[in-house]
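S.K.: Contents are CSV, C-alpha atoms and all ligand atoms; file name final.csv:
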```
chain,number,residue,atom,x,y,z
A,1,MET,CA,0.0,0.0,0.0
A,2,ALA,CA,1.5,3.3,-1.0
A,3,ALA,CA,1.8,6.3,1.4
A,4,SER,CA,-0.7,9.1,0.9
A,5,SER,CA,1.0,12.1,-0.5
A,6,LYS,CA,0.9,15.9,-0.4
A,7,ASP,CA,0.9,15.6,-4.2
A,8,ASP,CA,-2.6,14.0,-4.1
A,9,ALA,CA,-4.1,17.4,-3.4
A,10,LEU,CA,-2.8,18.8,-6.7
A,11,VAL,CA,-4.4,16.0,-8.8
A,12,GLU,CA,-7.7,17.0,-10.3
A,13,SER,CA,-9.0,13.5,-11.0
A,14,VAL,CA,-7.6,9.9,-10.9
A,15,LEU,CA,-7.9,8.2,-14.3
A,16,TRP,CA,-6.4,4.8,-13.4
A,17,SER,CA,-5.9,3.5,-9.9
A,18,ALA,CA,-2.9,1.4,-8.8
A,19,ALA,CA,-5.1,-1.7,-9.0
A,20,ASP,CA,-6.3,-0.8,-12.5
A,21,ILE,CA,-2.8,-0.3,-13.7
A,22,ASP,CA,-1.5,-3.6,-12.1
A,23,LYS,CA,-4.2,-5.6,-13.9
A,24,ARG,CA,-3.5,-3.9,-17.3
A,25,VAL,CA,0.3,-4.2,-16.9
A,26,ALA,CA,-0.1,-8.0,-16.2
A,27,GLU,CA,-2.1,-8.3,-19.4
A,28,LEU,CA,0.6,-6.5,-21.4
A,29,GLY,CA,3.3,-8.6,-19.9
A,30,ARG,CA,1.5,-11.8,-20.7
A,31,ALA,CA,0.9,-10.6,-24.3
A,32,ILE,CA,4.6,-9.8,-24.8
A,33,SER,CA,5.6,-13.2,-23.3
A,34,GLY,CA,3.3,-15.1,-25.7
A,35,ASP,CA,4.2,-13.0,-28.8
A,36,PHE,CA,8.0,-13.4,-28.2
A,37,GLU,CA,8.1,-16.9,-26.8
A,38,GLY,CA,11.5,-18.6,-27.2
A,39,LEU,CA,13.0,-15.4,-28.7
A,40,PRO,CA,15.8,-13.2,-27.3
A,41,ILE,CA,14.1,-10.1,-25.8
A,42,ALA,CA,15.6,-6.8,-24.7
A,43,VAL,CA,13.3,-4.5,-22.8
A,44,LEU,CA,14.3,-0.8,-23.1
A,45,GLY,CA,12.6,1.6,-20.8
A,46,ILE,CA,12.7,5.3,-21.6
A,47,ALA,CA,13.9,7.1,-18.6
A,48,THR,CA,12.8,8.7,-16.5
A,49,GLY,CA,9.0,8.5,-17.2
A,50,ALA,CA,8.8,4.8,-17.8
A,51,PHE,CA,10.9,3.6,-14.8
A,52,MET,CA,7.9,2.4,-12.8
A,53,PHE,CA,6.0,0.9,-15.7
A,54,THR,CA,9.2,-0.9,-16.8
A,55,ALA,CA,9.9,-2.2,-13.3
A,56,ASP,CA,6.3,-3.6,-13.1
A,57,LEU,CA,6.1,-4.9,-16.7
A,58,VAL,CA,9.3,-7.0,-16.6
A,59,ARG,CA,7.9,-8.8,-13.6
A,60,TYR,CA,5.0,-10.0,-15.8
A,61,ILE,CA,7.3,-11.1,-18.7
A,62,SER,CA,7.9,-14.8,-18.2
A,63,GLU,CA,10.4,-15.2,-21.1
A,64,PRO,CA,14.1,-14.5,-20.3
A,65,HIS,CA,14.9,-10.9,-21.2
A,66,LEU,CA,17.5,-8.2,-20.8
A,67,VAL,CA,16.7,-4.8,-19.3
A,68,ASP,CA,18.2,-1.4,-20.0
A,69,PHE,CA,17.2,2.3,-20.1
A,70,VAL,CA,17.7,5.0,-22.6
A,71,ARG,CA,17.2,8.8,-22.2
A,72,ILE,CA,15.6,10.8,-24.9
A,73,GLN,CA,14.2,14.3,-24.3
A,74,SER,CA,11.6,16.4,-26.1
A,75,TYR,CA,9.9,18.2,-23.3
A,76,GLY,CA,12.2,19.9,-20.8
A,77,ASN,CA,10.1,21.3,-18.0
A,78,SER,CA,7.3,22.5,-20.2
A,79,THR,CA,4.0,20.7,-20.7
A,80,VAL,CA,4.3,21.1,-24.5
A,81,SER,CA,6.6,19.0,-26.7
A,82,SER,CA,9.5,21.0,-28.3
A,83,GLY,CA,9.0,19.0,-31.5
A,84,VAL,CA,12.6,17.8,-31.6
A,85,ALA,CA,13.8,14.7,-29.7
A,86,THR,CA,17.4,14.2,-28.6
A,87,ILE,CA,18.9,10.9,-27.4
A,88,SER,CA,21.1,11.9,-24.5
A,89,THR,CA,21.9,8.4,-23.1
A,90,ASP,CA,22.0,5.5,-25.5
A,91,CYS,CA,21.4,1.8,-24.7
A,92,LYS,CA,24.4,-0.1,-23.4
A,93,LEU,CA,23.2,-3.6,-24.5
A,94,ASP,CA,24.2,-5.2,-27.8
A,95,LEU,CA,20.9,-5.2,-29.6
A,96,LYS,CA,22.0,-7.3,-32.5
A,97,ASP,CA,19.4,-10.0,-33.3
A,98,LYS,CA,17.4,-9.0,-30.2
A,99,HIS,CA,13.6,-8.4,-30.2
A,100,VAL,CA,13.5,-5.0,-28.6
A,101,ILE,CA,10.5,-3.9,-26.6
A,102,VAL,CA,10.6,-0.1,-26.1
A,103,VAL,CA,8.7,0.8,-22.9
A,104,GLU,CA,7.2,4.3,-22.9
A,105,ASP,CA,5.0,6.0,-20.3
A,106,ILE,CA,2.9,8.0,-22.8
A,107,ILE,CA,2.8,8.7,-26.5
A,108,ASP,CA,1.8,12.2,-27.3
A,109,THR,CA,3.0,13.8,-30.6
A,110,GLY,CA,4.9,10.7,-31.6
A,111,VAL,CA,8.2,12.6,-32.0
A,112,THR,CA,10.1,10.7,-29.3
A,113,LEU,CA,9.4,7.3,-30.6
A,114,SER,CA,9.8,8.2,-34.3
A,115,LYS,CA,13.3,9.2,-33.5
A,116,LEU,CA,14.2,6.3,-31.2
A,117,VAL,CA,12.7,3.3,-33.2
A,118,PRO,CA,14.8,3.8,-36.4
A,119,HIS,CA,17.9,4.4,-34.2
A,120,LEU,CA,17.4,1.0,-32.5
A,121,GLU,CA,16.6,-0.7,-35.8
A,122,SER,CA,20.0,0.6,-37.1
A,123,LYS,CA,21.7,-1.3,-34.3
A,124,GLY,CA,20.7,-4.6,-35.9
A,125,ALA,CA,17.7,-5.5,-33.7
A,126,ALA,CA,15.7,-8.4,-35.1
A,127,SER,CA,12.5,-6.4,-34.4
A,128,VAL,CA,11.5,-3.2,-32.6
A,129,SER,CA,8.2,-3.1,-30.7
A,130,VAL,CA,6.6,-0.4,-28.6
A,131,CYS,CA,4.7,-0.9,-25.3
A,132,ALA,CA,3.2,2.4,-24.1
A,133,LEU,CA,1.1,2.6,-20.9
A,134,LEU,CA,-0.9,5.5,-22.3
A,135,ASP,CA,-1.6,6.7,-25.9
A,136,LYS,CA,-2.9,10.2,-26.5
A,137,LYS,CA,-3.9,9.2,-30.0
A,138,ALA,CA,-5.8,12.4,-30.8
A,139,ARG,CA,-2.6,14.5,-30.4
A,140,ARG,CA,-0.4,12.5,-32.8
A,141,LYS,CA,1.6,14.7,-35.2
A,142,VAL,CA,4.0,12.0,-36.5
A,143,GLU,CA,2.7,8.6,-37.4
A,144,LEU,CA,4.6,5.9,-35.6
A,145,LYS,CA,6.0,3.4,-38.1
A,146,LEU,CA,7.3,0.1,-36.7
A,147,PRO,CA,9.8,-2.0,-38.8
A,148,THR,CA,8.6,-5.5,-39.9
A,149,GLY,CA,7.9,-7.8,-37.0
A,150,GLY,CA,7.4,-4.9,-34.6
A,151,ARG,CA,4.2,-4.9,-32.5
A,152,PHE,CA,2.4,-2.1,-30.8
A,153,TYR,CA,1.0,-2.5,-27.3
A,154,ALA,CA,-0.9,0.2,-25.4
A,155,GLY,CA,-2.3,0.1,-22.0
A,156,TYR,CA,-5.0,2.8,-22.3
A,157,GLU,CA,-6.1,5.5,-24.6
A,158,CYS,CA,-5.5,8.8,-22.7
A,159,PRO,CA,-7.8,11.8,-22.8
A,160,ASP,CA,-6.2,15.1,-23.6
A,161,GLY,CA,-5.0,16.8,-20.4
A,162,PHE,CA,-1.7,16.8,-18.7
A,163,VAL,CA,-1.3,13.6,-16.6
A,164,VAL,CA,1.1,12.7,-13.8
A,165,GLY,CA,1.9,9.8,-11.6
A,166,TYR,CA,3.1,6.2,-12.1
A,167,GLY,CA,6.5,7.6,-13.2
A,168,MET,CA,5.2,10.6,-15.0
A,169,ASP,CA,6.2,14.1,-13.8
A,170,HIS,CA,5.7,17.7,-14.0
A,171,ALA,CA,9.0,19.5,-13.5
A,172,GLU,CA,10.4,16.1,-12.0
A,173,ARG,CA,7.6,16.0,-9.4
A,174,PHE,CA,4.7,13.6,-8.9
A,175,ARG,CA,6.6,10.5,-10.3
A,176,GLY,CA,6.0,8.5,-7.1
A,177,LEU,CA,2.2,8.6,-7.2
A,178,PRO,CA,1.0,5.0,-7.6
A,179,TYR,CA,-1.9,6.0,-9.9
A,180,VAL,CA,-2.3,8.2,-13.0
A,181,GLY,CA,-4.3,11.4,-12.7
A,182,ILE,CA,-4.9,14.7,-14.4
A,183,LEU,CA,-2.8,17.5,-12.9
A,184,LYS,CA,-4.7,20.6,-11.7
A,185,PRO,CA,-4.0,23.2,-14.4
A,186,GLU,CA,-3.2,25.8,-11.8
A,187,VAL,CA,0.0,23.9,-11.1
A,188,TYR,CA,1.5,24.7,-14.5
A,189,GLN,CA,-0.5,27.8,-15.6
B,1,LIG,P1,6.0,12.8,-27.7
B,1,LIG,O1,7.4,12.8,-28.2
B,1,LIG,O2,5.2,11.6,-28.2
B,1,LIG,O3,5.2,14.1,-28.0
B,1,LIG,O4,6.1,12.9,-26.2
B,1,LIG,C1,6.4,11.8,-25.4
B,1,LIG,C2,6.9,12.2,-24.0
B,1,LIG,O5,6.2,13.5,-23.6
B,1,LIG,C3,6.4,11.2,-23.0
B,1,LIG,O6,7.3,10.2,-22.9
B,1,LIG,C4,6.3,12.1,-21.8
B,1,LIG,O7,7.6,12.1,-21.2
B,1,LIG,C5,5.9,13.4,-22.3
B,1,LIG,N1,4.5,13.6,-22.1
B,1,LIG,C6,3.5,13.7,-23.1
B,1,LIG,N2,2.3,13.9,-22.6
B,1,LIG,C7,2.5,14.0,-21.2
B,1,LIG,C8,1.6,14.1,-20.1
B,1,LIG,O8,0.3,14.3,-20.3
B,1,LIG,N3,2.1,14.1,-18.9
B,1,LIG,C9,3.4,13.9,-18.7
B,1,LIG,N4,3.9,13.9,-17.4
B,1,LIG,N5,4.3,13.8,-19.7
B,1,LIG,C10,3.8,13.8,-21.0
B,2,MG,MG,8.5,9.4,-21.7
B,3,MG,MG,8.5,14.6,-18.3
```
How does this structure look as structure tokens?
M.R.:
Amino acid sequence: MAASSKDDALVESVLWSAADIDKRVAELGRAISGDFEGLPIAVLGIATGAFMFTADLVRYISEPHLVDFVRIQSYGNSTVSSGVATISTDCKLDLKDKHVIVVEDIIDTGVTLSKLVPHLESKGAASVSVCALLDKKARRKVELKLPTGGRFYAGYECPDGFVVGYGMDHAERFRGLPYVGILKPEVYQ
């Protein structure tokens, strides 16, 4: 059971509780385990936002797998994407012939993943898939193209609104909340 937090008061509404998330993450982990059964898997979380999701997801992947994190930034401390993504920390694993599962907290414009996926493919990965907890489909600016063999997994379609918790921040705060909620606009306005 998570501690109640002073951050709770700044959340306008809870979209998915810790229990909802756990159930959905288990389903995603089981789907990945089935789809990549017997194949070499590398799980690549995008830090920092996907740290909690990655930690939970790998516990539901029953096939052997490697885990690493990359850093790629498009946001800074703003709530609006800058439109340009920069890889600041690359993966340290050898991805050659691995089936890569990129774990992302939320897809918004699609800029981040459209930069990262081809980069990982160029390292000789056997396939590159994406597993995002949240998908803000309505806000997509760049269509996400996955190379042959890549699969797309999404936990939930996310309504428009700035969300925090379960790893997701505003100015590095709120990441420890065990649920996902809409941040009160007064926090960033
Ligand atoms: P994209 O490149 O798809 O526009 O943005 C992806 C990144 O933007 C996500 O990984 C996340 O870090 C950040 N992001 C997008 N929407 C939200 C949101 O509603 N809340 C938070 N905390 N981050 C977001
Ligand atoms: Mg992210
Ligand atoms: Mg952020």
S.K.: Which residues, written as JSON, numbers by chain, have at least one atom at most 8 Å from region 103-112 of chain A, with all atoms listed in the file counted and residues fewer than 6 positions away on the same chain left out?
M.R.: {"A": [43, 44, 45, 46, 49, 50, 53, 54, 72, 73, 74, 81, 83, 84, 85, 130, 131, 132, 133, 134, 135, 136, 137, 139, 140, 141, 142, 143, 144, 167, 168]}
S.K.: For region 5-18 of chain A, list every protein, DNA or RNA residue within 8 Å, evaluated using only C-alpha atoms, and leave out those in the same chain fewer than 2 positions away; present the list as a PyMOL selection string.
M.R.: chain A and resi 3+20-22+174+177-184+187
S.K.: Using all atoms listed in the file, which of the listed residues (A:Asp90, A:Asp97, A:Asp169, A:Glu186) sits closest to ligand LIG 1 (chain B)?
M.R.: A:Asp169
S.K.: Between A:Arg59, A:Met52, A:Ile32, A:Arg24, which residue has the minimum interatomic distance to Gly165 (chain A), considering all atoms listed in the file?
M.R.: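 With all atoms listed in the file as the atom set, the closest residue is A:Met52.
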S.K.: Please check which residues have atoms at most 10 Å from (7.1, 14.6, -14.2) in the file's coordinates, counting only C-alpha atoms, and write them as an mmCIF file with C-alpha atoms, in the coordinates of the input.
M.R.:
```
data_model
loop_
_atom_site.group_PDB
_atom_site.id
_atom_site.type_symbol
_atom_site.label_atom_id
_atom_site.label_comp_id
_atom_site.auth_asym_id
_atom_site.auth_seq_id
_atom_site.Cartn_x
_atom_site.Cartn_y
_atom_site.Cartn_z
ATOM 1 C CA THR A 48 12.800 8.700 -16.500
ATOM 2 C CA GLY A 49 9.000 8.500 -17.200
ATOM 3 C CA GLY A 76 12.200 19.900 -20.800
ATOM 4 C CA ASN A 77 10.100 21.300 -18.000
ATOM 5 C CA SER A 78 7.300 22.500 -20.200
ATOM 6 C CA THR A 79 4.000 20.700 -20.700
ATOM 7 C CA VAL A 163 -1.300 13.600 -16.600
ATOM 8 C CA VAL A 164 1.100 12.700 -13.800
ATOM 9 C CA GLY A 165 1.900 9.800 -11.600
ATOM 10 C CA TYR A 166 3.100 6.200 -12.100
ATOM 11 C CA GLY A 167 6.500 7.600 -13.200
ATOM 12 C CA MET A 168 5.200 10.600 -15.000
ATOM 13 C CA ASP A 169 6.200 14.100 -13.800
ATOM 14 C CA HIS A 170 5.700 17.700 -14.000
ATOM 15 C CA ALA A 171 9.000 19.500 -13.500
ATOM 16 C CA GLU A 172 10.400 16.100 -12.000
ATOM 17 C CA ARG A 173 7.600 16.000 -9.400
ATOM 18 C CA PHE A 174 4.700 13.600 -8.900
ATOM 19 C CA ARG A 175 6.600 10.500 -10.300
ATOM 20 C CA GLY A 176 6.000 8.500 -7.100
#
```
S.K.: Between A:Ile101, A:Ala55, A:Ser4, A:Ser82, which residue has the minimum interatomic distance to Ser33 (chain A), considering all atoms listed in the file?
M.R.: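 Closest residue, counting all atoms listed in the file: A:Ile101.
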S.K.: What's the separation between CA of Ile61 (chain A) and CA of Ala19 (chain A), in Å to one decimal place?
M.R.: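 CA of Ile61 (chain A) sits 18.3 Å away from CA of Ala19 (chain A).
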S.K.: So which one's closest to Gly149 (chain A), A:Asp35, A:Glu63, A:Asp94, A:Asp56? Using all atoms listed in the file, please.
M.R.: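 Closest residue, counting all atoms listed in the file: A:Asp35.
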S.K.: Nearest to ligand LIG 1 (chain B) among A:Ala47, A:Leu95, A:Val70, A:Leu120, with distances taken over all atoms listed in the file: which residue is it?
M.R.: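 The answer is A:Ala47, which sits nearest to ligand LIG 1 (chain B).
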S.K.: Hey, which of A:Leu113, A:Ala2, A:Val102, A:Val58 ends up closest to Thr86 (chain A)? Count only C-alpha atoms.
M.R.: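 Of the candidates, the smallest distance to Thr86 (chain A) is held by A:Leu113.
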S.K.: Just give me the gap between CA of Leu116 (chain A) and CA of Asp160 (chain A) in Å, one decimal is fine.
M.R.: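 Pair CA of Leu116 (chain A) / CA of Asp160 (chain A) returns 23.5 Å.
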S.K.: CA of Tyr153 (chain A) and CA of Phe36 (chain A) are how many Å apart?
M.R.: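 Those two atoms sit 13.0 Å apart.
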